[in-house]
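K.L.:
Dropping the structure in here first, questions after.
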Amino acid sequence: MHIDMDAFFAAVEQLDRPDLAGKPVIVGADPKSGRGVVSAANYEARKYGVHSALPITQAFARCPHGVFLRPRYSRYKEISDKVFEIFHSISSLVEPLSIDEAFIDLTGTGRLHGDPVELGRKTKRRILETTGLVASVGIAPNKFLAKIASDFGKPDGFVVVPEDGVQDFLDPLDIGRLWGVGPKTGKMLIDHGIRTVGDLSRMTVESAKKLLGDHGEGLWKLAHGIDSRPVSPGSGRKGISKETTFRVDVTDNNRKISTLRRLSDGLAARMRAKKTFGRTITVKIRYSGFITITRSDTLDMPIATSDDIFREAQRLARPELEGSIRLLGIRISNLTGEEGEQLPLFGREERNKTKNFERALDDIQKRFGKDAISRANSLEKDDIEDD
DNA sequence: TCTGGGGTCCTAGGACCC
DNA sequence: TCTGGGGTCCTAGGACCC
């Protein structure tokens with residue numbers, strides 16, 4: 001079974017503000033900022049051609065009377081936690097796909113919960129009763145089909161694909177609905193006359209491989225409804241990243257550096273919250289022409305403090321910072337350990353000192369808000385602020 | 001009114017080890 | 001004085017997903 005909340009961010013906003021009922025609600029960047037995209041649009045807004053990932057300025061052009069809201073992730077997480085509690089109460093095999101979406105393996109839940117279809121209906125009802133929000137449900141013999149099914153029924157969907165109805169269900173679907181067929185692959189396939197899942201399923205595996213390389217066999221199998229991947233609760237987070245797109249491209253070097261500082265502060269705060277360290281640091285630079293590069297290094301010792309992250313990020317970014325820059329980002333991966341990770345012996349005291357300083361900073365920001373305190377060298381307000 | 005921010009996974013090629 | 005082959009780790013880029 002696959003469950004997915006409908007227009008999740010927008011639905012939460014409407015839940016919290018009953019005055020928005022019936023209005024087009026668009027959650028995303030500030031339409032006046034000039035940069036950014038739509039994170040979520042409710043179905044009223046979609047009537048005007050507004051959808052996720054649409055540039056916010058275009059969303060405003062299409063739906064100027066819409067209600068434009070900034071995302072409130074912590075609120076969405078609260079609701080998400082409640083929904084996942086329900087998921088875990090029906091099966092121990094829950095695989096989260098995102099904040100509002102999961103696969104749930106119903107194999108063997110029959111004795112406890114009865115027929116899968118009945119269980120699906122009950123789950124949908126419980127989500128509505130507990131959160132006040134509507135979810136779409138897909139029930140099918142495997143993950144791929146279940147996901148397609150829940151998408152297919154949206155909004156307020158409940159779609160069951162029986163074993164013997166798989167090919168009839170798949171054949172008419174656009175090729176882009178296949179998992180792993182994005183804009184690039186989709187265009188290539190359409191250029192070859194393959195528009196629907198049925199078109200791909202009628203090819204031989206060999207020609208699919210010739211066209212799609214190593215992906216070929218997998219996609220061909222999906223087109224036949226074959227998917228043997230298990231529902232797996234996930235192997236934990238692989239990395240943490242923070243990036244920012246400037247409202248206007250930046251040439252001033254001091255601003256580039258102070259932005260790296262601010263990103264480091266933000267990353268370090270999240271690393272502390274998650275009690276994690278990372279050995280690999282990657283900086284991402286996107287220039288004005290949208291050309292994007294990354295530079296990374298894997299260190300001997302895991303790091304977590306803002307000072308360490310900033311120093312390494314600066315070292316990697318420095319040689320590439322020439323010219324006009326649109327985006328800067330930092331990512332930490334190769335994550336190791338919970339608290340208690342062995343810290344380098346040399347400079348341990350210094351590290352503790354900065355850690356204490358940063359903890360205090362967290363504290364103050366928690367109590368008085370983000371704007372209460374900031375490093376003097378990261379007081380830059382004219383790039384796009386997120387969270 | 002071009003193209004956010006958070007992620008994952010894959011590939012190719014090089015370094016290095018046995 | 002002809003360079004094997006498997007394995008692992010690493011970097012850079014790219015496709016994709018929500």
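Residue numbers start at 1 in each chain; chains themselves are named A, B, ... in the order of the structure tokens; ligands are numbered from 1 in the order shown.
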Compute the chain C side of the contact with chain A at 10 Å, counting only C-alpha atoms (C1' of nucleotides), and hand it back as a PyMOL selection string.

P.N.:
chain C and resi 10-13+15-18

K.L.:
Just to be explicit: take each residue in the selection above, keep N, CA, C and O atoms (P, O5', C5', C4', C3', O3' and C1' of nucleotides), and write the result as an mmCIF file, in the first residue's frame.

P.N.:
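selection-v3.cif was written with the following content:
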```cif
data_model
loop_
_atom_site.group_PDB
_atom_site.id
_atom_site.type_symbol
_atom_site.label_atom_id
_atom_site.label_comp_id
_atom_site.auth_asym_id
_atom_site.auth_seq_id
_atom_site.Cartn_x
_atom_site.Cartn_y
_atom_site.Cartn_z
ATOM 1 P P DC C 10 36.640 7.262 1.589
ATOM 2 O "O5'" DC C 10 36.822 8.210 0.324
ATOM 3 C "C5'" DC C 10 38.135 8.573 -0.095
ATOM 4 C "C4'" DC C 10 38.070 9.142 -1.477
ATOM 5 C "C3'" DC C 10 36.984 10.195 -1.668
ATOM 6 O "O3'" DC C 10 37.534 11.493 -1.569
ATOM 7 C "C1'" DC C 10 37.204 8.717 -3.552
ATOM 8 P P DT C 11 36.594 12.739 -1.693
ATOM 9 O "O5'" DT C 11 36.554 13.068 -3.250
ATOM 10 C "C5'" DT C 11 37.742 13.404 -3.931
ATOM 11 C "C4'" DT C 11 37.407 13.756 -5.361
ATOM 12 C "C3'" DT C 11 36.379 14.882 -5.512
ATOM 13 O "O3'" DT C 11 36.866 15.775 -6.496
ATOM 14 C "C1'" DT C 11 35.639 12.948 -6.671
ATOM 15 P P DA C 12 36.145 17.161 -6.706
ATOM 16 O "O5'" DA C 12 35.185 16.863 -7.948
ATOM 17 C "C5'" DA C 12 35.754 16.617 -9.233
ATOM 18 C "C4'" DA C 12 34.629 16.386 -10.202
ATOM 19 C "C3'" DA C 12 33.517 17.425 -10.110
ATOM 20 O "O3'" DA C 12 33.383 18.033 -11.384
ATOM 21 C "C1'" DA C 12 32.629 15.207 -10.031
ATOM 22 P P DG C 13 32.264 19.103 -11.693
ATOM 23 O "O5'" DG C 13 31.119 18.216 -12.349
ATOM 24 C "C5'" DG C 13 31.448 17.349 -13.424
ATOM 25 C "C4'" DG C 13 30.250 16.512 -13.725
ATOM 26 C "C3'" DG C 13 28.934 17.293 -13.810
ATOM 27 O "O3'" DG C 13 28.362 17.061 -15.077
ATOM 28 C "C1'" DG C 13 28.695 15.358 -12.463
ATOM 29 P P DA C 15 21.497 15.087 -16.922
ATOM 30 O "O5'" DA C 15 20.418 14.045 -16.382
ATOM 31 C "C5'" DA C 15 20.677 12.660 -16.489
ATOM 32 C "C4'" DA C 15 19.749 11.957 -15.538
ATOM 33 C "C3'" DA C 15 18.347 12.568 -15.494
ATOM 34 O "O3'" DA C 15 17.392 11.569 -15.791
ATOM 35 C "C1'" DA C 15 19.259 12.361 -13.290
ATOM 36 P P DC C 16 15.862 11.906 -15.924
ATOM 37 O "O5'" DC C 16 15.339 11.742 -14.436
ATOM 38 C "C5'" DC C 16 15.557 10.518 -13.748
ATOM 39 C "C4'" DC C 16 15.207 10.691 -12.302
ATOM 40 C "C3'" DC C 16 13.893 11.421 -12.048
ATOM 41 O "O3'" DC C 16 12.903 10.462 -11.715
ATOM 42 C "C1'" DC C 16 15.609 12.035 -10.487
ATOM 43 P P DC C 17 11.392 10.942 -11.562
ATOM 44 O "O5'" DC C 17 11.281 11.219 -10.001
ATOM 45 C "C5'" DC C 17 11.594 10.170 -9.088
ATOM 46 C "C4'" DC C 17 11.399 10.685 -7.688
ATOM 47 C "C3'" DC C 17 10.197 11.616 -7.588
ATOM 48 O "O3'" DC C 17 9.216 11.101 -6.710
ATOM 49 C "C1'" DC C 17 12.126 12.586 -6.567
ATOM 50 P P DC C 18 7.829 11.877 -6.638
ATOM 51 O "O5'" DC C 18 8.033 12.766 -5.340
ATOM 52 C "C5'" DC C 18 8.222 12.145 -4.074
ATOM 53 C "C4'" DC C 18 8.285 13.237 -3.033
ATOM 54 C "C3'" DC C 18 7.065 14.149 -3.048
ATOM 55 O "O3'" DC C 18 6.645 14.370 -1.714
ATOM 56 C "C1'" DC C 18 9.049 15.435 -3.339
#
```

K.L.:
Please return, as a PyMOL selection string, all residues of segment 138-289 of chain A that DSSP assigns to strand (DSSP E or B) on the basis of the backbone.

P.N.:
chain A and resi 138-139+158-160+174+196+239-250+277-287

K.L.:
Go through segment 238-311 of chain A and flag each residue having an atom no more than 9 Å from segment 1-9 of chain B; for those, report the closest pair of atoms plus their distance in Å to one decimal, using only C-alpha atoms (C1' of nucleotides), ordered by chain and rising number, as CSV.

P.N.:
```
residue,atom,partner,partner_atom,distance
A:Lys238,CA,B:DT8,C1',8.5
A:Gly239,CA,B:DG7,C1',8.1
A:Ile240,CA,B:DG7,C1',8.3
A:Ser241,CA,B:DG6,C1',7.4
A:Lys242,CA,B:DG5,C1',7.7
A:Glu243,CA,B:DG5,C1',6.9
A:Thr244,CA,B:DG5,C1',7.8
A:Thr245,CA,B:DG4,C1',7.5
A:Phe290,CA,B:DT3,C1',8.3
```

K.L.:
If you count only C-alpha atoms (C1' of nucleotides), which residues fall within 8 Å of Val161 of chain A, apart from same-chain ones fewer than 3 positions away, as a short mmCIF file (atom, residue, chain, number, x, y, z; two decimals) with all heavy atoms, in the first residue's frame?

P.N.:
```cif
data_model
loop_
_atom_site.label_atom_id
_atom_site.label_comp_id
_atom_site.auth_asym_id
_atom_site.auth_seq_id
_atom_site.Cartn_x
_atom_site.Cartn_y
_atom_site.Cartn_z
N GLY A 138 -3.20 3.88 -2.49
CA GLY A 138 -3.11 2.92 -3.58
C GLY A 138 -2.77 1.55 -3.02
O GLY A 138 -1.84 1.42 -2.24
N ILE A 139 -3.52 0.56 -3.42
CA ILE A 139 -3.27 -0.80 -2.95
C ILE A 139 -3.02 -1.69 -4.16
O ILE A 139 -3.82 -1.70 -5.10
CB ILE A 139 -4.46 -1.34 -2.12
CG1 ILE A 139 -4.62 -0.47 -0.87
CG2 ILE A 139 -4.24 -2.80 -1.75
CD1 ILE A 139 -5.78 -0.87 0.00
N ALA A 140 -1.88 -2.39 -4.16
CA ALA A 140 -1.49 -3.16 -5.33
C ALA A 140 -0.49 -4.24 -4.92
O ALA A 140 0.00 -4.23 -3.79
CB ALA A 140 -0.87 -2.23 -6.37
N PRO A 141 -0.18 -5.15 -5.85
CA PRO A 141 0.72 -6.26 -5.52
C PRO A 141 2.16 -5.85 -5.25
O PRO A 141 2.92 -6.64 -4.69
CB PRO A 141 0.67 -7.15 -6.78
CG PRO A 141 -0.58 -6.75 -7.50
CD PRO A 141 -0.79 -5.31 -7.17
N LEU A 145 3.41 -0.33 -8.39
CA LEU A 145 1.99 -0.23 -8.76
C LEU A 145 1.18 0.52 -7.70
O LEU A 145 0.26 1.28 -8.03
CB LEU A 145 1.41 -1.64 -8.98
CG LEU A 145 1.91 -2.34 -10.24
CD1 LEU A 145 1.53 -3.82 -10.21
CD2 LEU A 145 1.33 -1.68 -11.49
N ALA A 146 1.54 0.32 -6.45
CA ALA A 146 0.80 1.00 -5.38
C ALA A 146 0.99 2.51 -5.48
O ALA A 146 0.05 3.29 -5.31
CB ALA A 146 1.26 0.49 -4.01
N ALA A 149 -0.91 3.84 -8.35
CA ALA A 149 -2.35 3.79 -8.04
C ALA A 149 -2.77 4.97 -7.17
O ALA A 149 -3.79 5.61 -7.42
CB ALA A 149 -2.69 2.47 -7.36
N GLY A 165 -5.37 -7.22 -13.23
CA GLY A 165 -5.73 -6.01 -13.96
C GLY A 165 -4.54 -5.11 -14.23
O GLY A 165 -4.69 -3.96 -14.64
N VAL A 166 -3.33 -5.65 -13.98
CA VAL A 166 -2.13 -4.80 -13.99
C VAL A 166 -1.87 -4.17 -15.36
O VAL A 166 -1.74 -2.95 -15.49
CB VAL A 166 -0.91 -5.63 -13.52
CG1 VAL A 166 0.37 -4.88 -13.80
CG2 VAL A 166 -1.03 -5.95 -12.04
N PHE A 169 -4.26 -1.56 -16.54
CA PHE A 169 -4.12 -0.33 -15.77
C PHE A 169 -2.92 0.48 -16.27
O PHE A 169 -2.99 1.70 -16.43
CB PHE A 169 -3.96 -0.69 -14.29
CG PHE A 169 -3.64 0.48 -13.38
CD1 PHE A 169 -4.58 1.47 -13.13
CD2 PHE A 169 -2.40 0.57 -12.76
CE1 PHE A 169 -4.30 2.54 -12.30
CE2 PHE A 169 -2.10 1.64 -11.93
CZ PHE A 169 -3.06 2.62 -11.70
#
```
